[in-house]
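What follows is entry-v4.cif (mmCIF, C-alpha atoms).
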data_protein
loop_
_atom_site.label_atom_id
_atom_site.label_comp_id
_atom_site.auth_asym_id
_atom_site.auth_seq_id
_atom_site.Cartn_x
_atom_site.Cartn_y
_atom_site.Cartn_z
CA SER A 1 81.49 30.07 -31.32
CA GLY A 2 80.76 28.42 -34.64
CA SER A 3 78.48 28.51 -37.65
CA SER A 4 74.95 27.10 -37.68
CA THR A 5 76.24 23.98 -39.40
CA SER A 6 79.41 23.44 -37.42
CA THR A 7 79.96 20.48 -35.12
CA GLY A 8 82.52 20.02 -32.42
CA SER A 9 83.39 18.86 -28.95
CA PHE A 10 83.16 21.26 -26.02
CA GLY A 11 84.42 20.63 -22.50
CA HIS A 12 82.17 23.09 -20.65
CA GLY A 13 79.41 25.48 -21.57
CA HIS A 14 77.73 28.32 -19.72
CA PHE A 15 74.41 29.97 -20.46
CA ALA A 16 73.49 33.06 -18.50
CA SER A 17 69.75 32.42 -18.33
CA GLN A 18 67.94 29.89 -20.51
CA LEU A 19 68.91 27.27 -23.07
CA GLY A 20 66.72 26.63 -26.09
CA VAL A 21 67.14 23.53 -28.24
CA GLY A 22 65.09 23.75 -31.42
CA THR A 23 63.58 27.02 -30.24
CA THR A 24 64.79 30.59 -30.08
CA SER A 25 62.35 31.54 -27.32
CA PRO A 26 62.99 29.21 -24.39
CA SER A 27 60.47 29.53 -21.54
CA ALA A 28 62.37 27.45 -18.99
CA LEU A 29 65.96 26.83 -17.93
CA ILE A 30 66.14 24.13 -20.62
CA HIS A 31 63.50 24.18 -23.34
CA GLY A 32 63.65 21.68 -26.19
CA THR A 33 61.40 21.48 -29.25
CA GLY A 34 61.62 18.79 -31.89
CA THR A 35 59.82 16.13 -33.90
CA ASN A 36 61.69 13.07 -32.60
CA SER A 37 59.81 10.62 -30.40
CA THR A 38 62.59 10.99 -27.81
CA THR A 39 62.59 14.51 -26.43
CA LEU A 40 65.42 14.14 -23.92
CA ARG A 41 68.06 11.44 -23.66
CA LEU A 42 70.72 11.25 -20.96
CA LYS A 43 73.41 8.58 -20.99
CA ASN A 44 76.10 7.76 -18.46
CA THR A 45 78.95 5.70 -19.93
CA ASP A 46 79.99 4.53 -16.46
CA SER A 47 78.35 1.63 -14.64
CA VAL A 48 77.47 3.70 -11.57
CA LEU A 49 73.93 4.71 -10.66
CA ASN A 50 72.40 7.43 -12.81
CA TYR A 51 70.69 10.35 -11.10
CA ILE A 52 68.55 13.28 -12.08
CA HIS A 53 68.99 15.53 -9.04
CA LEU A 54 66.30 18.10 -8.23
CA GLU A 55 67.06 20.70 -5.58
CA ASN A 56 65.23 23.86 -4.60
CA SER A 57 66.23 26.85 -2.50
CA THR A 58 65.42 25.02 0.76
CA GLY A 59 67.97 22.30 -0.03
CA ALA A 60 65.37 19.54 -0.41
CA ASN A 61 67.26 16.61 -1.89
CA ASN A 62 64.91 15.00 -4.44
CA TYR A 63 66.03 12.77 -7.27
CA ILE A 64 65.15 10.20 -9.89
CA GLN A 65 67.55 7.26 -9.94
CA THR A 66 68.02 4.31 -12.25
CA ASN A 67 70.45 1.42 -12.26
CA ALA A 68 69.21 0.00 -15.59
CA GLN A 69 67.02 -2.51 -13.74
CA SER A 70 64.74 -0.24 -11.76
CA ILE A 71 63.70 3.37 -11.38
CA MET A 72 63.50 5.00 -7.95
CA LEU A 73 61.84 8.26 -6.98
CA SER A 74 63.13 9.88 -3.81
CA ALA A 75 61.51 12.79 -2.00
CA ASP A 76 63.79 14.70 0.37
CA ALA A 77 66.52 12.12 0.90
CA ASN A 78 67.93 14.38 3.62
CA GLY A 79 64.95 13.75 5.90
CA SER A 80 61.93 11.54 6.56
CA SER A 81 59.13 14.02 5.89
CA GLY A 82 59.16 13.90 2.10
CA ASP A 83 56.51 12.19 0.02
CA VAL A 84 55.85 11.18 -3.59
CA ARG A 85 52.52 12.20 -5.13
CA LEU A 86 50.73 11.25 -8.35
CA LEU A 87 48.13 13.63 -9.77
CA THR A 88 45.62 13.45 -12.64
CA GLY A 89 43.37 16.31 -13.65
CA ASN A 90 45.30 18.47 -11.18
CA THR A 91 43.91 16.29 -8.36
CA GLU A 92 46.07 14.16 -6.10
CA ARG A 93 45.27 10.44 -6.47
CA VAL A 94 48.18 8.61 -4.81
CA ARG A 95 50.62 9.56 -2.07
CA VAL A 96 53.55 7.62 -0.62
CA ASN A 97 55.13 8.84 2.61
CA GLU A 98 57.09 7.40 5.54
CA HIS A 99 53.99 5.54 6.78
CA GLY A 100 52.89 3.79 3.59
CA LEU A 101 50.75 4.11 0.45
CA GLY A 102 47.62 6.23 0.32
CA ILE A 103 44.95 6.23 -2.40
CA GLY A 104 42.84 9.33 -2.03
CA ALA A 105 44.32 9.69 1.44
CA THR A 106 47.47 10.61 3.33
CA PRO A 107 48.83 7.51 5.13
CA THR A 108 49.12 7.81 8.89
CA ASN A 109 50.92 5.73 11.48
CA ASN A 110 49.96 2.02 11.53
CA ASN A 111 48.28 2.32 8.11
CA ARG A 112 50.63 0.84 5.50
CA LEU A 113 47.82 0.93 2.91
CA MET A 114 45.17 3.61 3.37
CA VAL A 115 42.27 4.05 0.95
CA LYS A 116 39.64 6.78 1.24
CA ALA A 117 36.25 6.25 -0.38
CA ASP A 118 34.84 9.07 -2.48
CA GLY A 119 31.24 8.21 -1.62
CA ASN A 120 28.81 5.32 -1.22
CA ASP A 121 29.67 2.12 -3.16
CA ASP A 122 33.26 3.34 -3.58
CA GLY A 123 35.93 0.95 -2.30
CA ILE A 124 38.44 -1.77 -3.18
CA SER A 125 37.75 -4.64 -5.61
CA LEU A 126 39.59 -7.81 -6.63
CA PHE A 127 39.02 -9.27 -10.11
CA ASP A 128 39.91 -12.75 -11.38
CA ALA A 129 41.85 -13.48 -14.57
CA SER A 130 38.60 -13.35 -16.58
CA ASP A 131 37.79 -9.85 -15.30
CA ASN A 132 35.05 -11.03 -12.93
CA ARG A 133 34.86 -9.21 -9.64
CA ILE A 134 35.21 -11.74 -6.81
CA PHE A 135 35.74 -9.46 -3.80
CA LYS A 136 34.77 -5.94 -2.80
CA VAL A 137 34.90 -3.94 0.41
CA PHE A 138 33.29 -0.52 0.21
CA GLN A 139 31.47 2.33 1.89
CA GLN A 140 27.75 1.61 2.14
CA GLY A 141 26.98 4.76 4.06
CA THR A 142 28.53 7.21 6.51
CA ASP A 143 30.49 5.13 9.03
CA VAL A 144 29.02 1.94 7.48
CA GLY A 145 31.17 -0.53 5.54
CA ARG A 146 30.24 -3.66 3.62
CA MET A 147 32.14 -6.69 2.29
CA LEU A 148 31.15 -8.93 -0.61
CA LEU A 149 32.70 -12.26 -1.66
CA ARG A 150 31.48 -14.02 -4.80
CA GLY A 151 31.52 -17.66 -5.86
CA ASN A 152 29.86 -19.50 -8.76
CA GLY A 153 28.43 -16.27 -10.14
CA GLN A 154 26.70 -15.07 -6.97
CA ASN A 155 27.43 -13.43 -3.64
CA VAL A 156 28.34 -16.07 -1.07
CA VAL A 157 29.39 -13.67 1.70
CA ASP A 158 27.58 -10.39 2.20
CA LEU A 159 28.43 -8.69 5.48
CA GLY A 160 27.60 -5.22 6.73
CA ASP A 161 25.48 -3.23 9.12
CA GLY A 162 23.43 -1.18 6.68
CA ALA A 163 19.87 -1.59 5.45
CA ASP A 164 20.64 -4.77 3.46
CA GLU A 165 20.60 -8.17 5.13
CA SER A 166 23.89 -9.95 5.78
CA PHE A 167 24.43 -13.62 5.01
CA ILE A 168 26.99 -16.39 4.46
CA ASP A 169 26.06 -18.96 1.80
CA VAL A 170 29.12 -21.14 1.22
CA GLY A 171 27.59 -24.63 1.26
CA GLN A 172 29.39 -25.81 4.38
CA LEU A 173 31.01 -23.70 7.07
CA GLY A 174 33.37 -25.02 9.72
CA ILE A 175 34.12 -23.25 12.99
CA GLY A 176 37.09 -24.94 14.63
CA VAL A 177 36.87 -27.59 11.87
CA ARG A 178 38.92 -27.42 8.66
CA SER A 179 38.08 -30.63 6.81
CA SER A 180 35.54 -33.47 6.57
CA LEU A 181 32.66 -31.21 7.53
CA GLY A 182 29.60 -33.17 8.63
CA ALA A 183 26.92 -30.52 8.13
CA GLU A 184 26.22 -27.10 6.63
CA LEU A 185 27.48 -25.67 9.94
CA ASP A 186 30.05 -27.81 11.71
CA VAL A 187 31.24 -26.44 15.05
CA SER A 188 34.00 -27.92 17.16
CA GLY A 189 33.58 -26.53 20.68
CA SER A 190 30.82 -24.75 22.53
CA LEU A 191 27.91 -22.95 20.89
CA GLN A 192 26.11 -20.17 22.78
CA VAL A 193 22.92 -18.66 21.40
CA SER A 194 21.11 -15.58 22.69
CA GLY A 195 17.64 -15.82 21.20
CA HIS A 196 15.83 -18.72 19.54
CA ILE A 197 16.80 -21.83 17.59
CA SER A 198 14.04 -22.93 15.24
CA GLY A 199 13.57 -25.76 12.76
CA SER A 200 10.82 -27.46 10.77
CA SER A 201 8.09 -29.46 12.44
CA THR A 202 9.65 -32.68 11.18
CA SER A 203 13.25 -31.98 12.12
CA THR A 204 15.02 -34.28 14.54
CA GLY A 205 18.41 -34.14 16.14
CA SER A 206 20.63 -34.99 19.02
CA PHE A 207 21.87 -32.18 21.26
CA GLY A 208 24.63 -32.62 23.82
CA LYS A 209 24.43 -29.30 25.64
CA LEU A 210 22.35 -26.31 24.63
CA GLU A 211 22.30 -22.97 26.41
CA ALA A 212 19.78 -20.37 25.27
CA HIS A 213 19.45 -16.92 26.80
CA GLY A 214 16.30 -15.04 25.91
#

This entry written out as structure tokens:
Amino acid sequence: SGSSTSTGSFGHGHFASQLGVGTTSPSALIHGTGTNSTTLRLKNTDSVLNYIHLENSTGANNYIQTNAQSIMLSADANGSSGDVRLLTGNTERVRVNEHGLGIGATPTNNNRLMVKADGNDDGISLFDASDNRIFKVFQQGTDVGRMLLRGNGQNVVDLGDGADESFIDVGQLGIGVRSSLGAELDVSGSLQVSGHISGSSTSTGSFGKLEAHG
């Protein structure tokens, strides 16, 4: 015991129910109220790993760990079924489990990164250093996906199976050829076409072997 202004060093302390710091009406096991920017500070003077250990009545072994260079969150270190979840607006946004990382989804086997669209046009985008979107893969409709790749301010690859047309407009495209392309489409190997090959009335060319099935 001591006065309200006394200071001292105590080896051990025991509180029967709740501890209030800066409040006389604690509403949790430890309830602190103050005006400092740092609400809680824990310091270990040893060089060992620092843990905040969270355990419930089932014995789930969850903890937050830091070694001064990184912070690790562990869910149920006693087993492999635990997961870490991030929520905003009381809605789960991200989940990490034994399979991988899920955004709007729970990762399953063979899906290290699993993203679930929330509706049409929702998907994954990649932006360049100037904040221009250069790649997007998204849901165009139910069971219909689409992929866009941009270059020089326009779509150069637009692939999907929805109502919009698909195209590749990359200047020159090599199939089996990686350099010194000789035409807009340069193919090394056989070319098989089911349908028609058409050109202008003035076009000329030399064909080695052409197979058309119509």

### Explicit residues for the PyMOL selection byres ((chain A and resi 120-129) around 12) (as a PyMOL selection string)
chain A and resi 103-104+113-119+130-151+162

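For the structure shown here, the set of residues caught by the PyMOL selection byres ((chain A and resi 19) around 6) is Gln18, Gly20, Leu29 and Ile30 of chain A.
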
For C-alpha atoms, I'd like the residues from the last selection saved as a PDB file, in the coordinates of the input.
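Listing of selection_27.pdb after writing:
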ATOM      1  CA  GLN A  18      67.940  29.890 -20.510  1.00  0.00           C
ATOM      2  CA  GLY A  20      66.720  26.630 -26.090  1.00  0.00           C
ATOM      3  CA  LEU A  29      65.960  26.830 -17.930  1.00  0.00           C
ATOM      4  CA  ILE A  30      66.140  24.130 -20.620  1.00  0.00           C
TER       5      ILE A  30
END

### Query
Quick one: distance from atom CA of A:Gly176 to atom CA of A:Val157 in Å, one decimal?
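A separation of 18.8 Å between them.
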
### Task
For the structure shown, which residues end up in the PyMOL selection byres ((chain A and resi 187) around 8)? Put them as a list in words, please?
Gly174, Ile175, Gly176, Val177, Leu185, Asp186, Ser188, Gly189, Ser190 and Leu191 of chain A

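For A:Asp83, the set of protein, DNA and RNA residues having any atom at most 7 Å away, when counting all atoms listed in the file and skipping those fewer than 2 positions along the same chain, is Ala75, Ser81, Arg85, Arg95, Val96 and Asn97 of chain A.
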
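If you look at atom CA of A:Thr108 and atom CA of A:Thr66, they are 28.6 Å away from each other.
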
### Query
Using all atoms listed in the file, which residue out of A:Asn67, A:Ser37, A:Asn56, A:Asn155 lies closest to A:Ile168?
A:Asn155

Padding 6 Å on each side, edges along x, y and z: where is the centre of the box around the listed atoms of stretch 119-136 of chain A, and how long are its edges in Å to one decimal? Output it as AutoDock Vina command-line options.
--center_x 35.3 --center_y -2.6 --center_z -8.9 --size_x 25.0 --size_y 33.7 --size_z 27.4

Fewer than 4 positions away in the same chain doesn't count, so skip those; otherwise give me all residues within 9 Å of A:Val94, counting all atoms listed in the file, as a short mmCIF file (atom, residue, chain, number, x, y, z; two decimals) with C-alpha atoms, keeping the file's coordinate frame.
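Final output, saved to out07.cif:
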data_model
loop_
_atom_site.label_atom_id
_atom_site.label_comp_id
_atom_site.auth_asym_id
_atom_site.auth_seq_id
_atom_site.Cartn_x
_atom_site.Cartn_y
_atom_site.Cartn_z
CA VAL A 84 55.85 11.18 -3.59
CA ARG A 85 52.52 12.20 -5.13
CA LEU A 86 50.73 11.25 -8.35
CA LEU A 87 48.13 13.63 -9.77
CA LEU A 101 50.75 4.11 0.45
CA GLY A 102 47.62 6.23 0.32
CA ILE A 103 44.95 6.23 -2.40
CA GLY A 104 42.84 9.33 -2.03
CA ALA A 105 44.32 9.69 1.44
CA THR A 106 47.47 10.61 3.33
#

### Task
Figure out the distance between atom CA of A:Ile52 and atom CA of A:Thr24, please, to one decimal in Å.
25.3 Å

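Each of A:Ser70, A:Asn50, A:Asn152, A:Asn111 was checked against A:Gly171 using only C-alpha atoms; the smallest atom-to-atom distance is that of A:Asn152.
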